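Data block for query36.txt (compact mmCIF, C-alpha atoms):
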```
# COMPACT_ATOMS: atom_id res chain seq x y z
CA GLY I 979 10.65 -8.19 83.78
CA ALA I 980 8.71 -5.41 85.54
CA VAL I 981 7.42 -7.51 88.42
CA VAL I 982 5.77 -5.89 91.41
CA SER I 983 4.92 -7.83 94.54
CA GLN I 984 2.65 -7.03 97.46
CA HIS I 985 2.54 -8.51 100.91
CA PRO I 986 0.33 -9.69 102.42
CA SER I 987 -2.13 -10.77 99.75
CA TRP I 988 -4.97 -10.97 102.26
CA VAL I 989 -5.24 -9.67 105.80
CA ILE I 990 -8.03 -9.77 108.34
CA CYS I 991 -7.78 -7.53 111.36
CA LYS I 992 -9.86 -6.25 114.22
CA SER I 993 -11.30 -2.76 114.23
CA GLY I 994 -8.89 -0.26 115.76
CA THR I 995 -5.70 -2.05 114.80
CA SER I 996 -3.15 -0.93 112.22
CA VAL I 997 -2.16 -2.87 109.15
CA LYS I 998 0.97 -2.47 107.02
CA ILE I 999 1.04 -3.41 103.35
CA GLU I 1000 4.32 -3.70 101.46
CA CYS I 1001 4.87 -3.03 97.77
CA ARG I 1002 8.13 -4.09 96.15
CA SER I 1003 9.49 -3.70 92.65
CA LEU I 1004 11.46 -6.92 92.18
CA ASP I 1005 13.51 -6.31 89.06
CA PHE I 1006 13.66 -2.56 88.63
CA GLN I 1007 14.04 0.58 90.66
CA ALA I 1008 11.04 2.84 91.07
CA THR I 1009 11.38 6.39 92.29
CA THR I 1010 7.61 6.64 92.07
CA MET I 1011 4.97 4.23 93.27
CA PHE I 1012 1.23 4.68 93.48
CA TRP I 1013 -1.34 3.34 95.88
CA TYR I 1014 -4.88 2.63 94.72
CA ARG I 1015 -8.03 1.42 96.33
CA GLN I 1016 -10.66 -0.61 94.53
CA PHE I 1017 -14.16 -1.51 95.65
CA PRO I 1018 -15.98 -4.48 94.10
CA LYS I 1019 -16.92 -3.95 90.47
CA GLN I 1020 -15.46 -0.47 90.46
CA SER I 1021 -12.40 1.02 88.87
CA LEU I 1022 -9.17 1.98 90.55
CA MET I 1023 -9.20 5.00 92.81
CA LEU I 1024 -5.83 6.68 93.22
CA MET I 1025 -5.07 7.33 96.86
CA ALA I 1026 -1.56 8.73 96.83
CA THR I 1027 1.71 9.07 94.98
CA SER I 1028 4.74 7.74 96.82
CA ASN I 1029 8.10 9.25 95.96
CA GLU I 1030 11.35 7.79 97.23
CA GLY I 1031 12.96 10.01 99.81
CA SER I 1032 10.13 12.50 100.09
CA LYS I 1033 6.65 12.82 101.50
CA ALA I 1034 3.79 11.18 99.71
CA THR I 1035 1.26 13.25 97.81
CA TYR I 1036 -2.31 12.40 98.69
CA GLU I 1037 -5.35 12.77 96.49
CA GLN I 1038 -8.17 14.98 97.60
CA GLY I 1039 -10.33 13.33 100.22
CA VAL I 1040 -7.72 10.80 101.34
CA GLU I 1041 -6.73 11.17 104.99
CA LYS I 1042 -2.95 11.27 105.15
CA ASP I 1043 -2.93 10.56 108.89
CA LYS I 1044 -4.98 7.44 108.37
CA PHE I 1045 -3.11 6.08 105.35
CA LEU I 1046 0.57 6.45 106.13
CA ILE I 1047 2.93 5.96 103.21
CA ASN I 1048 6.66 5.42 103.44
CA HIS I 1049 8.91 5.04 100.40
CA ALA I 1050 12.22 4.33 102.08
CA SER I 1051 14.05 2.76 99.16
CA LEU I 1052 13.90 2.55 95.39
CA THR I 1053 12.23 -0.85 95.58
CA LEU I 1054 9.92 -0.62 98.58
CA SER I 1055 6.90 1.45 99.53
CA THR I 1056 4.62 0.71 102.45
CA LEU I 1057 1.05 1.70 103.18
CA THR I 1058 -0.09 1.58 106.80
CA VAL I 1059 -3.80 1.77 107.49
CA THR I 1060 -3.99 3.15 111.01
CA SER I 1061 -6.86 2.46 113.39
CA ALA I 1062 -8.64 0.48 110.72
CA HIS I 1063 -12.42 0.33 110.66
CA PRO I 1064 -14.81 -1.85 108.66
CA GLU I 1065 -15.28 0.91 106.07
CA ASP I 1066 -11.57 0.61 105.29
CA SER I 1067 -12.15 -2.93 104.04
CA SER I 1068 -11.17 -2.90 100.40
CA PHE I 1069 -8.71 -4.12 97.79
CA TYR I 1070 -5.49 -2.11 97.92
CA ILE I 1071 -3.22 -2.18 94.88
CA CYS I 1072 0.15 -0.57 94.36
CA SER I 1073 1.93 0.21 91.14
CA ALA I 1074 5.52 1.08 90.35
CA VAL I 1075 6.90 3.23 87.59
CA PRO I 1076 10.08 2.12 85.84
CA GLY I 1077 9.87 5.00 83.38
CA PRO I 1078 7.65 7.88 82.37
CA ASP I 1079 5.25 5.97 80.23
CA THR I 1080 3.55 3.26 82.21
CA GLN I 1081 2.85 1.59 85.52
CA TYR I 1082 3.18 -2.02 86.59
CA PHE I 1083 0.79 -3.21 89.21
CA GLY I 1084 1.15 -5.50 92.17
CA PRO I 1085 -1.30 -8.37 92.72
CA GLY I 1086 -3.25 -6.45 95.34
CA THR I 1087 -3.98 -6.87 99.04
CA ARG I 1088 -7.43 -7.66 100.29
CA LEU I 1089 -8.07 -6.02 103.65
CA THR I 1090 -10.99 -7.12 105.78
CA VAL I 1091 -11.60 -5.23 109.01
CA LEU I 1092 -13.91 -6.94 111.46
CA GLN D 516 -17.86 15.27 81.06
CA LYS D 517 -15.46 12.76 82.54
CA GLU D 518 -11.90 12.72 81.27
CA VAL D 519 -12.14 9.11 80.17
CA GLU D 520 -15.33 7.31 79.23
CA GLN D 521 -15.52 3.54 78.92
CA ASP D 522 -18.62 1.42 78.50
CA PRO D 523 -18.71 -0.86 81.57
CA GLY D 524 -20.56 -3.61 79.72
CA PRO D 525 -20.93 -6.39 80.59
CA LEU D 526 -19.97 -7.79 77.21
CA SER D 527 -20.57 -11.45 76.47
CA VAL D 528 -19.27 -13.13 73.32
CA PRO D 529 -18.83 -16.69 72.06
CA GLU D 530 -15.39 -18.24 71.89
CA GLY D 531 -13.56 -17.29 68.71
CA ALA D 532 -15.34 -13.95 68.29
CA ILE D 533 -13.57 -10.67 67.63
CA VAL D 534 -13.96 -8.34 70.57
CA SER D 535 -13.85 -4.57 70.33
CA LEU D 536 -13.34 -2.50 73.46
CA ASN D 537 -13.37 1.28 73.34
CA CYS D 538 -12.64 4.43 75.30
CA THR D 539 -13.09 8.07 74.53
CA TYR D 540 -11.29 10.91 76.25
CA SER D 541 -11.55 14.66 76.44
CA ASN D 542 -8.07 15.77 77.54
CA SER D 543 -5.89 16.44 74.51
CA ALA D 544 -2.80 16.50 76.78
CA PHE D 545 -2.83 12.71 77.03
CA GLN D 546 0.20 11.40 75.21
CA TYR D 547 0.34 7.70 75.96
CA PHE D 548 -2.34 5.12 76.09
CA MET D 549 -2.57 1.73 77.73
CA TRP D 550 -4.83 -1.24 78.09
CA TYR D 551 -4.79 -3.34 81.22
CA ARG D 552 -6.48 -6.65 81.89
CA GLN D 553 -7.69 -7.40 85.39
CA TYR D 554 -8.89 -10.77 86.55
CA SER D 555 -11.16 -10.91 89.54
CA ARG D 556 -9.31 -10.14 92.79
CA LYS D 557 -6.01 -9.59 91.01
CA GLY D 558 -3.96 -6.56 90.13
CA PRO D 559 -4.20 -5.11 86.60
CA GLU D 560 -1.83 -6.59 84.03
CA LEU D 561 -0.41 -4.38 81.30
CA LEU D 562 -1.46 -5.62 77.86
CA MET D 563 -0.61 -2.86 75.43
CA TYR D 564 0.79 0.63 75.44
CA THR D 565 1.29 3.11 72.66
CA TYR D 566 2.22 6.73 72.15
CA SER D 567 1.02 7.58 68.71
CA SER D 568 -2.06 7.39 66.57
CA GLY D 569 -2.39 4.22 64.57
CA ASN D 570 -2.38 0.52 65.28
CA LYS D 571 -0.11 -1.63 67.39
CA GLU D 572 -0.38 -5.39 67.25
CA ASP D 573 0.77 -8.02 69.73
CA GLY D 574 -0.42 -11.53 69.06
CA ARG D 575 -4.19 -11.62 69.21
CA PHE D 576 -4.38 -8.07 70.55
CA THR D 577 -4.44 -4.85 68.52
CA ALA D 578 -4.48 -1.42 70.10
CA GLN D 579 -5.74 1.45 68.02
CA VAL D 580 -5.41 5.14 68.83
CA ASP D 581 -7.06 8.02 67.01
CA LYS D 582 -5.87 11.22 68.64
CA SER D 583 -7.87 13.45 66.31
CA SER D 584 -11.09 11.80 67.48
CA LYS D 585 -9.82 11.19 71.03
CA TYR D 586 -10.75 7.56 70.75
CA ILE D 587 -8.87 4.37 71.55
CA SER D 588 -9.75 0.75 70.96
CA LEU D 589 -8.54 -2.69 71.85
CA PHE D 590 -9.35 -5.56 69.52
CA ILE D 591 -9.07 -9.18 70.60
CA ARG D 592 -9.06 -11.76 67.82
CA ASP D 593 -10.02 -15.39 68.28
CA SER D 594 -11.21 -14.67 71.80
CA GLN D 595 -10.73 -17.41 74.39
CA PRO D 596 -12.50 -18.14 77.68
CA SER D 597 -9.24 -17.19 79.39
CA ASP D 598 -9.73 -13.66 78.04
CA SER D 599 -12.72 -13.26 80.37
CA ALA D 600 -11.74 -10.36 82.60
CA THR D 601 -12.21 -6.65 83.11
CA TYR D 602 -10.35 -4.49 80.60
CA LEU D 603 -9.24 -1.04 81.68
CA CYS D 604 -8.08 1.70 79.39
CA ALA D 605 -5.60 4.17 80.86
CA MET D 606 -4.01 7.36 79.65
CA GLY D 607 -1.20 9.58 80.78
CA GLY D 608 0.65 12.67 79.78
CA HIS D 609 3.14 15.22 80.93
CA SER D 610 2.11 18.54 82.29
CA GLY D 611 5.20 20.63 82.95
CA GLY D 612 7.49 18.41 84.99
CA SER D 613 7.28 14.65 85.27
CA ASN D 614 3.80 13.35 85.82
CA TYR D 615 3.40 9.61 85.90
CA LYS D 616 -0.25 9.59 86.91
CA LEU D 617 -2.66 7.65 84.79
CA THR D 618 -6.34 8.30 84.27
CA PHE D 619 -8.36 5.12 84.04
CA GLY D 620 -11.63 4.23 82.44
CA LYS D 621 -14.16 2.39 84.60
CA GLY D 622 -13.36 -0.91 82.90
CA THR D 623 -15.37 -3.22 80.65
CA LEU D 624 -16.28 -6.66 81.96
CA LEU D 625 -15.82 -9.24 79.20
CA THR D 626 -17.03 -12.82 79.29
CA VAL D 627 -16.03 -15.25 76.55
CA ASN D 628 -18.32 -18.27 76.52
CA PRO D 629 -16.97 -21.68 75.44
```

For this file, produce the structure as structure tokens.
Amino acid sequence: GAVVSQHPSWVICKSGTSVKIECRSLDFQATTMFWYRQFPKQSLMLMATSNEGSKATYEQGVEKDKFLINHASLTLSTLTVTSAHPEDSSFYICSAVPGPDTQYFGPGTRLTVL
Amino acid sequence: QKEVEQDPGPLSVPEGAIVSLNCTYSNSAFQYFMWYRQYSRKGPELLMYTYSSGNKEDGRFTAQVDKSSKYISLFIRDSQPSDSATYLCAMGGHSGGSNYKLTFGKGTLLTVNP
């Protein structure tokens, strides 16, 4: 149980385009999902908290107009990187919360912006 | 002082060794404690979680929490090459209403040599 999927697993795009990443909880409902960013050999950096049916809460320093988050259902949250640039290239990981005590992570999405 | 401190390693051990991974924390509000394993270019995988001080065992893994010292450990017995990964400690707690956010250590890179 507690499986979280992400799609796509790897995406390459041109600078200036937008990319959408999906995060799904496959066998449980998640009112809360989190989006993280991870650079090579570094720990997870929380970007935002996604709550079903309400606006996402962004961490300090994260541009909400650049990283659009939609949590339209109890099993799906999406992260759209708008007008992507090479500095946005990173590993994006989501997690979903089935209860108050832990998070289950997706496999991650590698974004490369050319 | 950072909320969670974790020695980044790298740590290299021979196959069959007992591995000890540790984190210290400063926030006494943390109520639950987790260890995640992350293979390269993959999402973190939950290994252990616990609420209380003491030991919790699952197969070759033992999680230890000492709330009085604000110190947690993960022990791996009979380590295998497949255990080679980055190990992240994580902690969470409730502050007023629901708060599912976790605070992560930087991760310790472990290599188990055949």

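By chain and then residue number, the residues within 8 Å of stretch 1010-1025 of chain I are Asn1029, Glu1030, Tyr1036, Glu1037, Val1040, Ser1055, Leu1057, Ser1068, Phe1069, Tyr1070, Ile1071, Cys1072, Ser1073, Ala1074 and Val1075 of chain I; Phe619, Gly620, Lys621 and Gly622 of chain D, counting only C-alpha atoms and disregarding those fewer than 4 positions away in sequence.
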
Give me the residues near stretch 555-569 of chain D as a PyMOL selection string, where near means some atom within 9 Å (using all atoms listed in the file) and where sequence neighbours in that chain fewer than 2 positions away do not count.
(chain I and resi 1018+1069+1071-1072+1079-1088) or (chain D and resi 546-553+571-573+576-583+587+589+600-603)

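Atom to atom, atom CA of I:Thr1058 and atom CA of I:Asp1043 stand 9.6 Å apart.
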
Applying 10 Å and only C-alpha atoms, which residues near D:Lys585 remain after dropping the ones on its own chain fewer than 4 positions away? List them as a list in words.
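Once the nearby chain positions are removed, what remains is Val519, Cys538, Thr539, Tyr540, Ser541, Asn542, Ser543, Phe545, Ser568, Val580 and Asp581 of chain D.
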
List the spatial neighbours of I:Gly994 as a PDB file with C-alpha atoms, in the coordinates of the input - criterion: any atom at most 12 Å away, all atoms listed in the file, same-chain residues fewer than 3 positions off excluded.
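The new file out12.pdb reads:
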```pdb
ATOM      1  CA  CYS I 991      -7.780  -7.530 111.360  1.00  0.00           C
ATOM      2  CA  VAL I 997      -2.160  -2.870 109.150  1.00  0.00           C
ATOM      3  CA  LYS I1044      -4.980   7.440 108.370  1.00  0.00           C
ATOM      4  CA  VAL I1059      -3.800   1.770 107.490  1.00  0.00           C
ATOM      5  CA  THR I1060      -3.990   3.150 111.010  1.00  0.00           C
ATOM      6  CA  SER I1061      -6.860   2.460 113.390  1.00  0.00           C
ATOM      7  CA  ALA I1062      -8.640   0.480 110.720  1.00  0.00           C
ATOM      8  CA  HIS I1063     -12.420   0.330 110.660  1.00  0.00           C
ATOM      9  CA  PRO I1064     -14.810  -1.850 108.660  1.00  0.00           C
ATOM     10  CA  GLU I1065     -15.280   0.910 106.070  1.00  0.00           C
ATOM     11  CA  ASP I1066     -11.570   0.610 105.290  1.00  0.00           C
ATOM     12  CA  VAL I1091     -11.600  -5.230 109.010  1.00  0.00           C
ATOM     13  CA  LEU I1092     -13.910  -6.940 111.460  1.00  0.00           C
TER      14      LEU I1092
END
```

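Pairwise distance (atom CA of D:Tyr615, atom CA of I:Val982) equals 16.6 Å.
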
Have a look at I:Ile990, I:Ser1028, I:Phe1006, I:Ile1047 and name the one nearest to chain D; count all atoms listed in the file.
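Closest candidate: I:Ser1028.
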
So how many Å separate atom CA of D:Asn537 and atom CA of D:Pro629, to one decimal?
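Rounded to one decimal, the two atoms are 23.3 Å apart.
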
What box, with edges along x, y and z, holds each listed atom of stretch 529-536 of chain D when 6 Å is added on every side, and can you state its centre and edge lengths in Å to one decimal, as JSON?
```
{"center_x": -16.1, "center_y": -10.4, "center_z": 70.5, "size_x": 17.5, "size_y": 27.7, "size_z": 17.8}
```

Could you give me, as a PDB file with C-alpha atoms, keeping the file's coordinate frame, the residues within 10 Å of I:Lys1033, counting all atoms listed in the file and dropping anything in the same chain fewer than 6 positions from it?
```
ATOM      1  CA  THR I1027       1.710   9.070  94.980  1.00  0.00           C
ATOM      2  CA  LEU I1046       0.570   6.450 106.130  1.00  0.00           C
ATOM      3  CA  ILE I1047       2.930   5.960 103.210  1.00  0.00           C
ATOM      4  CA  ASN I1048       6.660   5.420 103.440  1.00  0.00           C
ATOM      5  CA  HIS I1049       8.910   5.040 100.400  1.00  0.00           C
TER       6      HIS I1049
END
```

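Ranking D:Ile533, D:Ala544, D:Met606, D:Val627 by their shortest atom-to-atom distance to chain I, with all atoms listed in the file included, puts D:Met606 first.
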
Which of these, I:Thr995, I:Thr1056, I:Thr1035, I:Ser1051, has the shortest distance to chain D once you count all atoms listed in the file?
I:Thr1035
